[in-house]
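Peer 1: Take a look at structure-v5.txt, compact mmCIF, C-alpha atoms and all ligand atoms:
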```
# COMPACT_ATOMS: atom_id res chain seq x y z
CA MET A 1 158.26 100.63 -17.86
CA LYS A 2 161.16 98.26 -17.82
CA THR A 3 161.62 98.01 -14.08
CA ALA A 4 157.92 97.59 -13.52
CA LEU A 5 157.62 94.98 -16.21
CA CYS A 6 160.66 93.08 -15.14
CA ALA A 7 159.71 89.66 -13.86
CA SER A 8 158.35 89.31 -10.39
CA GLU A 9 161.15 86.96 -9.61
CA PRO A 10 164.82 87.25 -10.40
CA GLY A 11 165.14 84.05 -12.40
CA ALA A 12 162.68 85.27 -14.96
CA CYS A 13 164.77 88.38 -15.69
CA GLY A 14 167.68 86.39 -16.99
CA ALA A 15 170.10 83.63 -16.14
CA ARG A 16 171.60 84.67 -12.84
CA TRP A 17 171.37 87.45 -10.26
CA PRO A 18 172.69 90.13 -10.62
CA VAL A 19 171.35 90.65 -14.11
CA GLY A 20 170.78 94.03 -15.65
CA ARG A 21 170.02 97.13 -13.64
CA ALA A 22 167.17 95.67 -11.64
CA GLY A 23 169.42 92.91 -10.38
CA ARG A 24 171.97 95.31 -8.96
CA ARG A 25 169.54 96.68 -6.39
CA SER A 26 170.06 95.57 -2.86
CA PHE A 27 167.53 92.98 -1.84
CA GLY A 28 164.54 94.19 0.13
CA GLU A 29 165.22 97.85 -0.69
CA ARG A 30 161.85 99.23 -1.73
CA PRO A 31 161.56 102.88 -0.90
CA LEU A 32 159.65 103.80 -4.05
CA SER A 33 156.24 102.66 -5.12
CA SER A 34 157.33 101.69 -8.64
CA ARG A 35 159.80 99.27 -7.17
CA SER A 36 157.30 96.92 -5.62
CA GLU A 37 156.47 95.16 -8.87
CA CYS A 38 160.07 94.35 -9.51
CA SER A 39 160.96 93.14 -6.07
CA PRO A 40 160.94 89.41 -5.82
CA VAL A 41 157.42 88.34 -5.09
CA VAL A 42 157.78 84.66 -4.51
CA GLY A 43 160.27 83.20 -2.09
CA ALA A 44 163.43 84.36 -3.83
CA ASP A 45 166.74 84.19 -2.00
CA PRO A 46 169.04 87.20 -1.81
CA PRO A 47 171.92 87.00 -4.31
CA ASP A 48 175.38 85.97 -3.21
CA GLU A 49 177.73 88.95 -3.30
CA ASP A 50 181.04 88.23 -5.06
CA PRO A 51 183.66 90.34 -3.18
CA ALA A 52 185.75 90.63 -6.38
CA LEU A 53 182.83 92.31 -8.09
CA LYS A 54 182.25 94.75 -5.23
CA LYS A 55 182.47 98.39 -6.30
CA PRO A 56 183.84 101.30 -4.27
CA GLN A 57 181.20 102.64 -1.89
CA GLY A 58 181.10 106.11 -3.51
CA LEU A 59 180.37 104.58 -6.92
CA GLN A 60 177.68 102.35 -5.43
CA GLU A 61 176.05 105.35 -3.76
CA MET A 62 176.12 107.36 -7.00
CA GLU A 63 174.57 104.43 -8.86
CA GLY A 64 171.97 104.08 -6.13
CA LEU A 65 171.13 107.79 -6.40
CA SER A 66 170.78 107.70 -10.18
CA LEU A 67 168.59 104.58 -9.94
CA ALA A 68 166.45 106.27 -7.31
CA ASN A 69 166.08 109.33 -9.58
CA GLU A 70 165.21 107.09 -12.52
CA ASP A 71 162.57 105.30 -10.44
CA LYS A 72 161.16 108.63 -9.27
CA THR A 73 160.83 109.86 -12.86
CA MET A 74 159.21 106.59 -13.90
CA SER A 75 156.80 106.76 -10.95
CA ALA A 76 155.84 110.31 -11.92
CA ASN A 77 155.37 109.25 -15.57
CA LEU A 78 153.15 106.32 -14.57
CA LYS A 79 151.21 108.62 -12.25
CA TYR A 80 150.36 111.14 -14.98
CA LEU A 81 149.86 108.43 -17.62
CA SER A 82 147.37 106.56 -15.43
CA LEU A 83 145.54 109.79 -14.52
CA GLY A 84 145.34 110.75 -18.22
CA ILE A 85 143.98 107.32 -19.19
CA LEU A 86 141.44 107.55 -16.34
CA VAL A 87 140.14 110.89 -17.70
CA PHE A 88 139.89 109.33 -21.20
CA GLN A 89 138.25 106.12 -19.91
CA THR A 90 135.67 107.85 -17.68
CA THR A 91 134.73 110.33 -20.41
CA SER A 92 134.34 107.66 -23.09
CA LEU A 93 132.41 105.34 -20.75
CA VAL A 94 129.90 108.07 -19.87
CA LEU A 95 129.43 109.03 -23.54
CA THR A 96 129.17 105.41 -24.76
CA MET A 97 126.67 104.56 -22.02
CA ARG A 98 124.62 107.64 -22.90
CA TYR A 99 124.74 106.70 -26.60
CA SER A 100 123.76 103.09 -25.85
CA ARG A 101 120.84 104.30 -23.74
CA THR A 102 119.48 106.65 -26.42
CA LEU A 103 119.89 104.07 -29.19
CA LYS A 104 116.57 102.44 -30.10
CA GLU A 105 116.86 98.71 -30.59
CA GLU A 106 114.63 95.69 -30.93
CA GLY A 107 114.63 92.74 -28.52
CA PRO A 108 115.49 92.55 -24.83
CA ARG A 109 117.96 94.98 -23.25
CA TYR A 110 121.15 93.58 -21.76
CA LEU A 111 121.05 92.96 -18.01
CA SER A 112 123.36 95.30 -16.14
CA SER A 113 123.90 92.65 -13.43
CA THR A 114 125.47 90.30 -16.02
CA ALA A 115 127.53 93.16 -17.49
CA VAL A 116 129.10 93.70 -14.04
CA VAL A 117 130.17 90.03 -13.90
CA VAL A 118 131.51 90.05 -17.48
CA ALA A 119 133.51 93.22 -16.76
CA GLU A 120 135.02 91.60 -13.63
CA LEU A 121 135.95 88.46 -15.61
CA LEU A 122 137.53 90.55 -18.38
CA LYS A 123 139.47 92.46 -15.72
CA ILE A 124 140.79 89.20 -14.25
CA MET A 125 141.80 87.95 -17.72
CA ALA A 126 143.61 91.21 -18.51
CA CYS A 127 145.45 91.08 -15.17
CA ILE A 128 146.49 87.45 -15.74
CA LEU A 129 147.90 88.52 -19.12
CA LEU A 130 149.82 91.36 -17.44
CA VAL A 131 151.25 88.99 -14.81
CA TYR A 132 152.17 86.59 -17.67
CA LYS A 133 154.01 89.46 -19.39
CA ASP A 134 155.73 90.30 -16.10
CA SER A 135 156.90 86.69 -15.84
CA LYS A 136 158.63 86.99 -19.23
CA CYS A 137 155.83 85.03 -20.92
CA SER A 138 156.64 81.86 -19.01
CA LEU A 139 153.53 79.81 -18.27
CA ARG A 140 155.37 77.96 -15.52
CA THR A 141 156.32 81.16 -13.73
CA LEU A 142 152.80 82.53 -14.17
CA ASN A 143 151.34 79.36 -12.70
CA ARG A 144 153.75 79.52 -9.77
CA ILE A 145 153.06 83.20 -9.06
CA LEU A 146 149.28 82.67 -9.14
CA HIS A 147 149.65 79.61 -6.94
CA ASP A 148 152.04 81.21 -4.44
CA GLU A 149 150.43 84.63 -4.30
CA ILE A 150 146.75 83.78 -4.44
CA LEU A 151 146.06 80.14 -3.52
CA ASN A 152 148.81 79.78 -0.93
CA LYS A 153 148.01 83.06 0.79
CA PRO A 154 144.32 82.76 1.60
CA MET A 155 144.48 85.41 4.33
CA GLU A 156 146.09 87.95 1.97
CA THR A 157 143.51 87.08 -0.69
CA LEU A 158 140.69 87.36 1.83
CA LYS A 159 141.72 90.97 2.61
CA LEU A 160 140.33 91.94 -0.79
CA ALA A 161 136.88 90.59 0.08
CA ILE A 162 136.41 93.74 2.19
CA PRO A 163 136.72 96.41 -0.58
CA SER A 164 135.06 94.06 -3.04
CA GLY A 165 132.06 93.51 -0.73
CA ILE A 166 131.87 97.24 -0.02
CA TYR A 167 131.98 98.09 -3.74
CA THR A 168 129.14 95.60 -4.35
CA LEU A 169 127.14 97.14 -1.50
CA GLN A 170 127.95 100.59 -2.92
CA ASN A 171 126.70 99.68 -6.40
CA ASN A 172 123.45 98.45 -4.84
CA LEU A 173 123.13 101.57 -2.67
CA LEU A 174 123.52 103.71 -5.75
CA TYR A 175 120.73 101.70 -7.35
CA VAL A 176 118.50 102.45 -4.30
CA ALA A 177 119.55 106.11 -4.47
CA LEU A 178 118.68 106.39 -8.16
CA SER A 179 115.29 104.76 -7.60
CA ASN A 180 114.42 107.35 -4.95
CA LEU A 181 116.16 110.52 -6.12
CA ASP A 182 116.33 112.23 -9.48
CA ALA A 183 119.61 111.67 -11.31
CA ALA A 184 120.89 115.22 -10.84
CA THR A 185 120.34 115.38 -7.07
CA TYR A 186 122.01 112.02 -6.82
CA GLN A 187 125.02 113.25 -8.83
CA VAL A 188 125.35 116.45 -6.78
CA THR A 189 125.19 114.60 -3.45
CA TYR A 190 127.56 111.86 -4.60
CA GLN A 191 130.32 114.47 -5.04
CA LEU A 192 130.63 114.47 -1.27
CA LYS A 193 132.79 111.37 -1.80
CA ILE A 194 135.64 113.75 -2.72
CA LEU A 195 135.67 114.95 0.89
CA THR A 196 135.06 111.54 2.51
CA THR A 197 138.00 110.17 0.48
CA ALA A 198 140.22 112.97 1.79
CA LEU A 199 139.05 112.31 5.36
CA PHE A 200 139.81 108.57 5.08
CA SER A 201 143.19 109.32 3.44
CA VAL A 202 144.10 111.48 6.44
CA SER A 203 142.83 109.08 9.09
CA MET A 204 143.85 105.73 7.56
CA LEU A 205 146.99 106.61 5.60
CA GLY A 206 148.23 109.48 7.75
CA LYS A 207 148.23 111.85 4.75
CA LYS A 208 148.73 115.49 5.63
CA LEU A 209 146.66 118.08 3.82
CA GLY A 210 147.36 121.80 4.20
CA VAL A 211 144.74 124.54 4.38
CA TYR A 212 145.09 125.24 0.63
CA GLN A 213 144.63 121.57 -0.20
CA TRP A 214 141.45 121.34 1.91
CA LEU A 215 140.24 124.59 0.32
CA SER A 216 140.89 123.31 -3.20
CA LEU A 217 139.03 120.07 -2.38
CA ILE A 218 136.02 122.08 -1.16
CA ILE A 219 136.18 124.31 -4.27
CA LEU A 220 136.44 121.21 -6.49
CA MET A 221 133.48 119.59 -4.75
CA THR A 222 131.37 122.74 -5.04
CA GLY A 223 132.35 123.22 -8.70
CA VAL A 224 131.50 119.65 -9.65
CA ALA A 225 128.24 119.88 -7.70
CA PHE A 226 127.32 123.03 -9.66
CA VAL A 227 128.08 121.28 -12.95
CA GLN A 228 125.62 118.59 -11.89
CA TRP A 229 123.01 120.95 -10.38
CA PRO A 230 119.45 120.08 -11.44
CA SER A 231 118.00 122.23 -14.20
CA ASP A 232 114.48 123.70 -13.80
CA SER A 233 112.82 120.76 -15.57
CA GLN A 234 114.69 118.25 -13.41
CA GLU A 235 113.61 120.17 -10.26
CA LEU A 236 110.02 119.69 -11.34
CA ASP A 237 110.64 115.96 -11.73
CA SER A 238 112.14 115.69 -8.26
CA LYS A 239 109.07 117.35 -6.70
CA GLU A 240 107.08 114.32 -7.79
CA LEU A 241 109.11 112.13 -5.46
CA SER A 242 107.75 111.90 -1.91
CA ALA A 243 109.68 113.32 1.04
CA GLY A 244 110.00 109.82 2.50
CA SER A 245 111.56 108.35 -0.60
CA GLN A 246 113.85 111.40 -0.97
CA PHE A 247 115.09 110.70 2.56
CA VAL A 248 115.77 107.02 1.75
CA GLY A 249 117.59 108.06 -1.44
CA LEU A 250 119.65 110.66 0.37
CA MET A 251 120.67 108.20 3.10
CA ALA A 252 121.65 105.66 0.44
CA VAL A 253 123.82 108.11 -1.48
CA LEU A 254 125.43 109.48 1.72
CA THR A 255 126.30 105.92 2.81
CA ALA A 256 127.72 105.31 -0.69
CA CYS A 257 129.96 108.40 -0.27
CA PHE A 258 131.43 106.88 2.88
CA SER A 259 131.77 103.41 1.36
CA SER A 260 133.45 104.87 -1.76
CA GLY A 261 135.96 106.81 0.36
CA PHE A 262 136.64 103.87 2.67
CA ALA A 263 136.92 101.15 -0.01
CA GLY A 264 139.21 103.31 -2.18
CA VAL A 265 141.54 104.22 0.68
CA TYR A 266 141.51 100.63 2.04
CA PHE A 267 142.55 99.36 -1.41
CA GLU A 268 145.25 102.06 -1.55
CA LYS A 269 146.53 100.98 1.87
CA ILE A 270 146.74 97.34 0.75
CA LEU A 271 148.49 98.31 -2.51
CA LYS A 272 151.03 100.60 -0.89
CA GLU A 273 151.76 98.72 2.31
CA THR A 274 152.15 95.19 0.97
CA LYS A 275 154.54 93.94 -1.70
CA GLN A 276 152.12 92.13 -4.00
CA SER A 277 151.74 93.62 -7.42
CA VAL A 278 148.79 95.77 -8.38
CA TRP A 279 147.70 93.15 -10.96
CA ILE A 280 147.69 90.31 -8.41
CA ARG A 281 145.64 92.52 -6.09
CA ASN A 282 143.22 93.25 -8.91
CA ILE A 283 142.82 89.53 -9.66
CA GLN A 284 141.95 88.98 -5.98
CA LEU A 285 139.51 91.91 -6.06
CA GLY A 286 137.96 90.69 -9.32
CA PHE A 287 137.61 87.16 -7.92
CA PHE A 288 135.42 88.36 -5.05
CA GLY A 289 133.74 90.90 -7.35
CA SER A 290 132.67 88.08 -9.70
CA ILE A 291 131.31 85.98 -6.82
CA PHE A 292 129.33 88.90 -5.37
CA GLY A 293 128.28 89.88 -8.91
CA LEU A 294 126.98 86.38 -9.66
CA MET A 295 125.00 86.51 -6.42
CA GLY A 296 123.51 89.78 -7.73
CA VAL A 297 122.58 88.11 -11.06
CA TYR A 298 120.87 85.29 -9.19
CA ILE A 299 118.97 87.59 -6.83
CA TYR A 300 117.90 90.32 -9.27
CA ASP A 301 117.72 88.65 -12.67
CA GLY A 302 117.74 84.90 -11.95
CA GLU A 303 114.41 84.33 -13.68
CA LEU A 304 115.23 86.41 -16.76
CA VAL A 305 118.60 84.68 -17.15
CA SER A 306 117.02 81.22 -16.98
CA LYS A 307 114.44 82.32 -19.57
CA ASN A 308 116.51 84.31 -22.09
CA GLY A 309 120.11 83.44 -21.24
CA PHE A 310 123.02 85.22 -19.58
CA PHE A 311 124.02 87.22 -22.65
CA GLN A 312 120.53 88.36 -23.66
CA GLY A 313 120.52 91.72 -25.43
CA TYR A 314 124.30 91.86 -25.84
CA ASN A 315 125.44 93.66 -28.98
CA ARG A 316 128.64 95.35 -30.14
CA LEU A 317 127.92 98.46 -28.09
CA THR A 318 127.29 96.42 -24.95
CA TRP A 319 130.70 94.82 -25.40
CA ILE A 320 132.33 98.24 -25.81
CA VAL A 321 130.69 99.42 -22.56
CA VAL A 322 131.75 96.23 -20.75
CA ILE A 323 135.33 96.51 -22.04
CA LEU A 324 135.48 100.18 -21.02
CA GLN A 325 134.21 99.21 -17.57
CA ALA A 326 136.87 96.51 -17.22
CA LEU A 327 139.51 98.99 -18.41
CA GLY A 328 138.17 101.36 -15.74
CA GLY A 329 138.90 98.81 -13.02
CA LEU A 330 142.47 98.39 -14.30
CA VAL A 331 143.10 102.13 -14.61
CA ILE A 332 141.57 102.94 -11.21
CA ALA A 333 143.88 100.36 -9.62
CA ALA A 334 146.91 101.87 -11.42
CA VAL A 335 145.88 105.41 -10.40
CA ILE A 336 145.47 104.36 -6.76
CA LYS A 337 148.87 102.67 -6.89
CA TYR A 338 150.90 105.35 -8.67
CA ALA A 339 148.92 108.46 -7.63
CA ASP A 340 146.24 108.33 -4.95
CA ASN A 341 142.51 108.44 -4.33
CA ILE A 342 142.46 112.23 -3.95
CA LEU A 343 144.04 112.74 -7.41
CA LYS A 344 141.58 110.14 -8.74
CA GLY A 345 138.82 112.49 -7.57
CA PHE A 346 140.39 115.35 -9.54
CA ALA A 347 140.72 113.17 -12.67
CA THR A 348 137.08 112.02 -12.58
CA SER A 349 135.96 115.61 -11.99
CA LEU A 350 137.91 116.69 -15.07
CA SER A 351 136.15 113.97 -17.03
CA ILE A 352 132.73 115.31 -15.89
CA ILE A 353 133.69 118.70 -17.34
CA LEU A 354 135.03 117.06 -20.53
CA SER A 355 131.91 114.96 -21.10
CA THR A 356 129.73 118.02 -20.47
CA LEU A 357 131.69 119.95 -23.12
CA ILE A 358 131.58 117.08 -25.63
CA SER A 359 127.88 116.61 -24.87
CA TYR A 360 127.26 120.30 -25.68
CA PHE A 361 129.57 120.93 -28.63
CA TRP A 362 129.67 117.55 -30.31
CA LEU A 363 126.55 115.57 -29.46
CA GLN A 364 124.40 118.70 -29.00
CA ASP A 365 122.20 116.96 -26.45
CA PHE A 366 122.82 119.33 -23.58
CA VAL A 367 121.55 122.92 -23.09
CA PRO A 368 123.34 125.04 -20.48
CA THR A 369 121.27 126.86 -17.84
CA ARG A 370 122.22 129.49 -15.22
CA THR A 371 124.07 126.92 -13.14
CA ILE A 372 125.34 124.78 -16.02
O1 LIG B 1 132.61 105.96 -7.10
P1 LIG B 1 133.91 105.27 -6.85
O2 LIG B 1 135.08 106.02 -7.38
O3 LIG B 1 134.09 104.79 -5.45
O4 LIG B 1 133.80 103.94 -7.75
C1 LIG B 1 134.82 103.04 -7.83
C2 LIG B 1 134.39 101.94 -8.79
O5 LIG B 1 135.55 101.37 -9.35
C3 LIG B 1 133.59 100.81 -8.13
O6 LIG B 1 132.44 100.54 -8.88
C4 LIG B 1 134.53 99.62 -8.16
O7 LIG B 1 133.85 98.42 -8.43
C5 LIG B 1 135.51 99.98 -9.28
N1 LIG B 1 136.88 99.49 -9.03
C6 LIG B 1 137.36 98.46 -9.80
N2 LIG B 1 138.65 97.99 -9.62
C7 LIG B 1 139.44 98.55 -8.67
C8 LIG B 1 138.95 99.62 -7.87
C9 LIG B 1 137.66 100.07 -8.08
O8 LIG B 1 136.63 97.95 -10.67
N3 LIG B 1 140.67 98.08 -8.51
```
Kindly transcribe the structure held in the file into structure tokens.
Ligand code: C5P

Peer 2:
Amino acid sequence: MKTALCASEPGACGARWPVGRAGRRSFGERPLSSRSECSPVVGADPPDEDPALKKPQGLQEMEGLSLANEDKTMSANLKYLSLGILVFQTTSLVLTMRYSRTLKEEGPRYLSSTAVVVAELLKIMACILLVYKDSKCSLRTLNRILHDEILNKPMETLKLAIPSGIYTLQNNLLYVALSNLDAATYQVTYQLKILTTALFSVSMLGKKLGVYQWLSLIILMTGVAFVQWPSDSQELDSKELSAGSQFVGLMAVLTACFSSGFAGVYFEKILKETKQSVWIRNIQLGFFGSIFGLMGVYIYDGELVSKNGFFQGYNRLTWIVVILQALGGLVIAAVIKYADNILKGFATSLSIILSTLISYFWLQDFVPTRTI
């Protein structure tokens, strides 16, 4: 973690450049993803080379190679760590949400529109803390980074309004889909996002997928769809919905598949093709997310909020769900940065299987049928 956590600017790493291993890197050399956090973010000047300190070229190359290998190993570690945490986070969020929904309680229920805003604000606070840690716990450096990277770069910040707006639209589309389709049909259809994500990764990021990779994506999508296939009783429920409303629901979920693929890959493009840190990008995303979220509170629940307050119905469990949701945002960003959107699809699929198993063996609230 050390390279990644090293300050975003050289001065914060120590007294003078070159300091430590990170300082010995040549300026502007950023071939590996893990390096972007450590490269100077705010207007740092390249260090003056002292000819007396210059090492023989062979030695420099060997050092460069070993540093590159170290960075590669660290990148791989972060990749698997973030994917592992994503599986844990998605599984626990699903189970906690299910538990909170089955729990009988008195008084008003919490408003999901306010929970979205609280989760975004928590995400921003966590990211500010991470940037503070990256700036060696210096409030001055933190202030300068936030100023230079967010306030002074309005166009860069504005780029994040696109995925943020699309995610807000997506969350609303999913609401429309769930109002017009039964939950299982919705879940099955939504798995199409695995393929749309791959298509956007190929077209927008120039990723190359071989025949086996396409095949495994199709197998994954089919497998996950089977896991979510409606049981006989759910099929009966869905027959009660009119053909017209089924069509509206289907269109909404299909559009959400495209928006999910596009927003994820767009965010990945921004993270991998610009030098700003993943946490700064998440603050920018959370900023727009909170604004759009507050608009949602006003539109959907304005009256209820003015009557019973913003935090109506919040209890300990609500806070756990909100914290897990905020953690989800952080982990998804890290997964997109250190792995990619396609692997994110595999991790969330694994969590569907895990939560199904836990639901069956532990909570005993799930009975398998022919399909699942
Ligand atoms: O279904 P899909 O994987 O597209 O959902 C992604 C979700 O993750 C969205 O609800 C979005 O708000 C959230 N997200 C986040 N922070 C990120 C990236 C995505 O909260 N950096």

Peer 1: Which residues come within 8 Å of region 257-259 of chain A, counting only C-alpha atoms, excluding same-chain residues fewer than 5 positions away, as number ranges by chain?

Peer 2: A: 166-167, 170, 190-193, 196-197

Peer 1: Please produce a file of the residues just selected, as a PDB file, in the coordinates of the input, where the atoms kept are C-alpha atoms.

Peer 2:
```pdb
ATOM      1  CA  ILE A 166     131.870  97.240  -0.020  1.00  0.00           C
ATOM      2  CA  TYR A 167     131.980  98.090  -3.740  1.00  0.00           C
ATOM      3  CA  GLN A 170     127.950 100.590  -2.920  1.00  0.00           C
ATOM      4  CA  TYR A 190     127.560 111.860  -4.600  1.00  0.00           C
ATOM      5  CA  GLN A 191     130.320 114.470  -5.040  1.00  0.00           C
ATOM      6  CA  LEU A 192     130.630 114.470  -1.270  1.00  0.00           C
ATOM      7  CA  LYS A 193     132.790 111.370  -1.800  1.00  0.00           C
ATOM      8  CA  THR A 196     135.060 111.540   2.510  1.00  0.00           C
ATOM      9  CA  THR A 197     138.000 110.170   0.480  1.00  0.00           C
TER      10      THR A 197
END
```

Peer 1: Would you mind listing what lies within 8 Å of region 122-130 of chain A as an MDAnalysis selection string, with only C-alpha atoms counted and same-chain residues fewer than 5 positions away left out?

Peer 2: chainID A and resid 279:280 282:283 286:287 323 326:327 329:330

Peer 1: Please list as a count of residues only every residue within 9 Å of Thr168 (chain A), counting all atoms listed in the file and excluding residues in the same chain fewer than 4 positions away.

Peer 2: 8

Peer 1: Please provide as a PyMOL selection string all residues within 9 Å of Glu149 (chain A), with the sequence filter that same-chain residues fewer than 3 positions apart are discarded (counting all atoms listed in the file).

Peer 2: chain A and resi 41-42+144-146+152-154+156-157+276+280

Peer 1: What does the structure give for the distance between CA of Leu317 (chain A) and CA of Ser359 (chain A), in Å to one decimal?

Peer 2: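 That distance, rounded to one decimal, is 18.4 Å.
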
Peer 1: Of the candidates A:Leu343, A:Ala183, A:Leu215, A:Leu363, which one gets nearest to Gly249 (chain A) if we count only C-alpha atoms?

Peer 2: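 With only C-alpha atoms as the atom set, the closest residue is A:Ala183.
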
Peer 1: What does the distance between CA of Ala198 (chain A) and CA of Gly345 (chain A) come to in Å, to one decimal place?

Peer 2: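 Separation of CA of Ala198 (chain A) and CA of Gly345 (chain A): 9.5 Å.
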